[in-house]
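Next up, target_29.pdb (PDB, C-alpha atoms):
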```pdb
ATOM      1  CA  MET T1222     -77.822 -51.797 -33.663  1.00  0.00           C
ATOM      2  CA  ILE T1223     -80.234 -54.442 -34.928  1.00  0.00           C
ATOM      3  CA  SER T1224     -83.257 -52.476 -36.053  1.00  0.00           C
ATOM      4  CA  GLY T1225     -86.463 -53.219 -34.222  1.00  0.00           C
ATOM      5  CA  ILE T1226     -85.078 -55.451 -31.522  1.00  0.00           C
ATOM      6  CA  ASP T1227     -82.662 -53.421 -29.425  1.00  0.00           C
ATOM      7  CA  HIS T1228     -85.226 -51.045 -27.960  1.00  0.00           C
ATOM      8  CA  ASN T1229     -86.766 -53.658 -25.658  1.00  0.00           C
ATOM      9  CA  TRP T1230     -85.371 -56.506 -23.696  1.00  0.00           C
ATOM     10  CA  CYS T1231     -84.810 -59.560 -25.807  1.00  0.00           C
ATOM     11  CA  VAL T1232     -84.197 -63.226 -25.261  1.00  0.00           C
ATOM     12  CA  TYR T1233     -81.697 -64.814 -27.606  1.00  0.00           C
ATOM     13  CA  ILE T1234     -80.103 -68.150 -28.409  1.00  0.00           C
ATOM     14  CA  LEU T1235     -76.572 -68.485 -29.718  1.00  0.00           C
ATOM     15  CA  ARG T1236     -75.018 -71.488 -31.420  1.00  0.00           C
ATOM     16  CA  CYS T1237     -71.476 -71.803 -30.145  1.00  0.00           C
ATOM     17  CA  ALA T1238     -68.495 -73.043 -32.145  1.00  0.00           C
ATOM     18  CA  ASP T1239     -68.846 -76.447 -30.482  1.00  0.00           C
ATOM     19  CA  ARG T1240     -72.506 -76.598 -31.724  1.00  0.00           C
ATOM     20  CA  THR T1241     -73.989 -76.175 -28.233  1.00  0.00           C
ATOM     21  CA  LEU T1242     -76.718 -73.625 -27.595  1.00  0.00           C
ATOM     22  CA  TYR T1243     -76.538 -70.723 -25.159  1.00  0.00           C
ATOM     23  CA  THR T1244     -79.597 -68.726 -24.068  1.00  0.00           C
ATOM     24  CA  GLY T1245     -79.426 -65.230 -22.614  1.00  0.00           C
ATOM     25  CA  ILE T1246     -81.149 -61.861 -22.373  1.00  0.00           C
ATOM     26  CA  ALA T1247     -80.007 -58.399 -23.371  1.00  0.00           C
ATOM     27  CA  LYS T1248     -81.231 -54.850 -23.673  1.00  0.00           C
ATOM     28  CA  ASP T1249     -78.871 -54.185 -26.591  1.00  0.00           C
ATOM     29  CA  LEU T1250     -78.522 -57.382 -28.602  1.00  0.00           C
ATOM     30  CA  SER T1251     -75.938 -55.978 -31.017  1.00  0.00           C
ATOM     31  CA  LYS T1252     -73.615 -55.010 -28.186  1.00  0.00           C
ATOM     32  CA  ARG T1253     -74.139 -58.293 -26.341  1.00  0.00           C
ATOM     33  CA  LEU T1254     -73.428 -60.387 -29.428  1.00  0.00           C
ATOM     34  CA  ALA T1255     -70.205 -58.446 -29.999  1.00  0.00           C
ATOM     35  CA  GLN T1256     -69.219 -59.028 -26.350  1.00  0.00           C
ATOM     36  CA  HIS T1257     -69.778 -62.770 -26.719  1.00  0.00           C
ATOM     37  CA  ASN T1258     -67.663 -62.918 -29.881  1.00  0.00           C
ATOM     38  CA  LYS T1259     -64.836 -60.945 -28.239  1.00  0.00           C
ATOM     39  CA  GLY T1260     -64.726 -63.436 -25.374  1.00  0.00           C
ATOM     40  CA  ALA T1261     -66.122 -60.862 -22.954  1.00  0.00           C
ATOM     41  CA  GLY T1262     -69.619 -62.346 -22.732  1.00  0.00           C
ATOM     42  CA  ALA T1263     -70.855 -65.109 -20.496  1.00  0.00           C
ATOM     43  CA  LYS T1264     -68.334 -67.501 -18.998  1.00  0.00           C
ATOM     44  CA  TYR T1265     -70.000 -70.364 -20.901  1.00  0.00           C
ATOM     45  CA  THR T1266     -69.393 -68.795 -24.314  1.00  0.00           C
ATOM     46  CA  ARG T1267     -65.845 -67.547 -23.712  1.00  0.00           C
ATOM     47  CA  GLY T1268     -64.223 -70.812 -24.718  1.00  0.00           C
ATOM     48  CA  ARG T1269     -66.758 -71.517 -27.447  1.00  0.00           C
ATOM     49  CA  ILE T1270     -66.340 -68.573 -29.818  1.00  0.00           C
ATOM     50  CA  PRO T1271     -67.256 -67.620 -32.427  1.00  0.00           C
ATOM     51  CA  VAL T1272     -70.963 -67.695 -31.629  1.00  0.00           C
ATOM     52  CA  GLU T1273     -73.837 -67.227 -34.068  1.00  0.00           C
ATOM     53  CA  LEU T1274     -77.206 -65.680 -33.293  1.00  0.00           C
ATOM     54  CA  VAL T1275     -79.857 -68.273 -34.182  1.00  0.00           C
ATOM     55  CA  PHE T1276     -82.940 -66.997 -32.344  1.00  0.00           C
ATOM     56  CA  ALA T1277     -84.163 -63.758 -30.827  1.00  0.00           C
ATOM     57  CA  GLU T1278     -87.469 -62.443 -29.568  1.00  0.00           C
ATOM     58  CA  THR T1279     -88.462 -59.287 -27.758  1.00  0.00           C
ATOM     59  CA  ALA T1280     -89.880 -59.068 -24.256  1.00  0.00           C
ATOM     60  CA  GLN T1281     -91.803 -56.164 -22.773  1.00  0.00           C
ATOM     61  CA  SER T1282     -89.815 -56.029 -19.537  1.00  0.00           C
ATOM     62  CA  HIS T1283     -86.731 -57.360 -17.818  1.00  0.00           C
ATOM     63  CA  GLY T1284     -88.916 -59.707 -15.774  1.00  0.00           C
ATOM     64  CA  ASP T1285     -90.649 -61.045 -18.881  1.00  0.00           C
ATOM     65  CA  ALA T1286     -87.252 -61.636 -20.503  1.00  0.00           C
ATOM     66  CA  LEU T1287     -85.962 -63.490 -17.435  1.00  0.00           C
ATOM     67  CA  ARG T1288     -89.067 -65.704 -17.309  1.00  0.00           C
ATOM     68  CA  ARG T1289     -88.805 -66.541 -21.017  1.00  0.00           C
ATOM     69  CA  GLU T1290     -85.076 -67.250 -20.700  1.00  0.00           C
ATOM     70  CA  TYR T1291     -85.798 -69.642 -17.839  1.00  0.00           C
ATOM     71  CA  ALA T1292     -88.505 -71.388 -19.859  1.00  0.00           C
ATOM     72  CA  ILE T1293     -86.210 -71.800 -22.865  1.00  0.00           C
ATOM     73  CA  LYS T1294     -83.361 -73.104 -20.712  1.00  0.00           C
ATOM     74  CA  ARG T1295     -85.705 -75.810 -19.409  1.00  0.00           C
ATOM     75  CA  MET T1296     -86.541 -76.975 -22.956  1.00  0.00           C
ATOM     76  CA  SER T1297     -84.834 -79.983 -24.490  1.00  0.00           C
ATOM     77  CA  ALA T1298     -82.247 -79.398 -27.203  1.00  0.00           C
ATOM     78  CA  THR T1299     -84.693 -80.899 -29.708  1.00  0.00           C
ATOM     79  CA  ALA T1300     -87.468 -78.496 -28.670  1.00  0.00           C
ATOM     80  CA  LYS T1301     -85.065 -75.545 -28.881  1.00  0.00           C
ATOM     81  CA  GLN T1302     -83.979 -76.595 -32.370  1.00  0.00           C
ATOM     82  CA  LYS T1303     -87.601 -76.883 -33.513  1.00  0.00           C
ATOM     83  CA  MET T1304     -88.273 -73.389 -32.168  1.00  0.00           C
ATOM     84  CA  ILE T1305     -85.178 -72.064 -33.988  1.00  0.00           C
ATOM     85  CA  ASP T1306     -86.245 -73.768 -37.224  1.00  0.00           C
ATOM     86  CA  ARG T1307     -89.793 -72.340 -37.019  1.00  0.00           C
ATOM     87  CA  SER T1308     -88.370 -68.917 -36.304  1.00  0.00           C
ATOM     88  CA  ARG T1309     -86.011 -69.062 -39.277  1.00  0.00           C
ATOM     89  CA  ARG T1310     -88.797 -70.165 -41.621  1.00  0.00           C
ATOM     90  CA  SER T1311     -90.871 -67.184 -40.519  1.00  0.00           C
ATOM     91  CA  GLY T1312     -87.994 -64.768 -41.226  1.00  0.00           C
ATOM     92  CA  ASP T1313     -87.442 -63.399 -37.714  1.00  0.00           C
ATOM     93  CA  ILE T1314     -84.625 -61.018 -36.780  1.00  0.00           C
ATOM     94  CA  ALA T1315     -82.040 -63.726 -36.091  1.00  0.00           C
ATOM     95  CA  SER T1316     -82.438 -65.188 -39.556  1.00  0.00           C
ATOM     96  CA  ARG T1317     -82.351 -61.714 -41.145  1.00  0.00           C
ATOM     97  CA  VAL T1318     -79.085 -60.974 -39.337  1.00  0.00           C
ATOM     98  CA  ALA T1319     -77.609 -64.336 -40.325  1.00  0.00           C
ATOM     99  CA  LEU T1320     -78.587 -63.913 -43.976  1.00  0.00           C
ATOM    100  CA  ASN T1321     -77.793 -60.209 -44.396  1.00  0.00           C
ATOM    101  CA  PRO T1322     -74.367 -59.032 -43.275  1.00  0.00           C
ATOM    102  CA  ALA T1323     -75.508 -55.430 -43.806  1.00  0.00           C
ATOM    103  CA  ILE T1324     -77.589 -55.780 -40.639  1.00  0.00           C
ATOM    104  CA  SER T1325     -75.059 -55.133 -37.904  1.00  0.00           C
ATOM    105  CA  PRO T1326     -75.189 -57.719 -35.092  1.00  0.00           C
TER
END
```

Could you write out this structure as structure tokens?
Amino acid sequence: MISGIDHNWCVYILRCADRTLYTGIAKDLSKRLAQHNKGAGAKYTRGRIPVELVFAETAQSHGDALRREYAIKRMSATAKQKMIDRSRRSGDIASRVALNPAISP
């Protein structure tokens, strides 16, 4: 379990093997990431594994997570990348997972 993020709903962005971005929501991000990488996640990611977690943020409720997911999906690829870059510079959970294999995604 990714400490501090799996207790609430979260919105996440994955970078797929073909360099495209996928946005989703999950209650248990660790489990969902494993599902994606086993080919048992979303239909979109099944043919694009492995996937890498590049962004994640918590939401207070399922509805909040759905609204944020929708907003992110409407963003341009450039805007999403800027958001990912800002998030990585600030040391958010996705960058900690990517940089520290001891944190179990």

Residue members of the PyMOL selection byres ((chain T and resi 1291) around 12) in the file shown, as a PyMOL selection string: chain T and resi 1232-1233+1243-1246+1284-1290+1292-1296

Residue selection dump (C-alpha atoms) as a compact mmCIF listing (two decimals), in the frame of the given file:
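Below is the file again_31.txt, written as the result:
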```txt
# COMPACT_ATOMS: atom_id res chain seq x y z
CA VAL T 1232 -84.20 -63.23 -25.26
CA TYR T 1233 -81.70 -64.81 -27.61
CA TYR T 1243 -76.54 -70.72 -25.16
CA THR T 1244 -79.60 -68.73 -24.07
CA GLY T 1245 -79.43 -65.23 -22.61
CA ILE T 1246 -81.15 -61.86 -22.37
CA GLY T 1284 -88.92 -59.71 -15.77
CA ASP T 1285 -90.65 -61.04 -18.88
CA ALA T 1286 -87.25 -61.64 -20.50
CA LEU T 1287 -85.96 -63.49 -17.43
CA ARG T 1288 -89.07 -65.70 -17.31
CA ARG T 1289 -88.80 -66.54 -21.02
CA GLU T 1290 -85.08 -67.25 -20.70
CA ALA T 1292 -88.50 -71.39 -19.86
CA ILE T 1293 -86.21 -71.80 -22.86
CA LYS T 1294 -83.36 -73.10 -20.71
CA ARG T 1295 -85.70 -75.81 -19.41
CA MET T 1296 -86.54 -76.97 -22.96
```

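What separates atom CA of Arg1310 of chain T from atom CA of Gly1262 of chain T is a distance of 28.0 Å.
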
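If you measure from each of T:Gln1281, T:Ser1251, T:Ser1308, T:Gln1302 to Asn1229 of chain T using all atoms listed in the file, the closest one turns out to be T:Gln1281.
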
I'd like the neighbourhood of segment 1268-1280 of chain T as a PDB file with C-alpha atoms, in the frame of the given file, where a residue qualifies if any of its atoms comes within 6 Å (using all atoms listed in the file), though same-chain residues fewer than 5 positions away should be ignored.
```pdb
ATOM      1  CA  TRP T1230     -85.371 -56.506 -23.696  1.00  0.00           C
ATOM      2  CA  CYS T1231     -84.810 -59.560 -25.807  1.00  0.00           C
ATOM      3  CA  VAL T1232     -84.197 -63.226 -25.261  1.00  0.00           C
ATOM      4  CA  TYR T1233     -81.697 -64.814 -27.606  1.00  0.00           C
ATOM      5  CA  ILE T1234     -80.103 -68.150 -28.409  1.00  0.00           C
ATOM      6  CA  LEU T1235     -76.572 -68.485 -29.718  1.00  0.00           C
ATOM      7  CA  ARG T1236     -75.018 -71.488 -31.420  1.00  0.00           C
ATOM      8  CA  CYS T1237     -71.476 -71.803 -30.145  1.00  0.00           C
ATOM      9  CA  ALA T1238     -68.495 -73.043 -32.145  1.00  0.00           C
ATOM     10  CA  ASN T1258     -67.663 -62.918 -29.881  1.00  0.00           C
ATOM     11  CA  ASP T1285     -90.649 -61.045 -18.881  1.00  0.00           C
ATOM     12  CA  ALA T1286     -87.252 -61.636 -20.503  1.00  0.00           C
ATOM     13  CA  ILE T1305     -85.178 -72.064 -33.988  1.00  0.00           C
ATOM     14  CA  ALA T1315     -82.040 -63.726 -36.091  1.00  0.00           C
TER      15      ALA T1315
END
```

Atom pair atom CA of Thr1241 of chain T / atom CA of Arg1307 of chain T: separation (Å): 18.5 Å

Which residue, T:Lys1259, T:His1283, T:Lys1301, T:Arg1267, has the smallest gap to Ala1247 of chain T when you use all atoms listed in the file?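 Closest to Ala1247 of chain T, using all atoms listed in the file: T:His1283.
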
What does the distance between atom CA of Tyr1265 of chain T and atom CA of Ser1311 of chain T come to in Å, to one decimal place?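 Between atom CA of Tyr1265 of chain T and atom CA of Ser1311 of chain T the gap works out to 28.8 Å.
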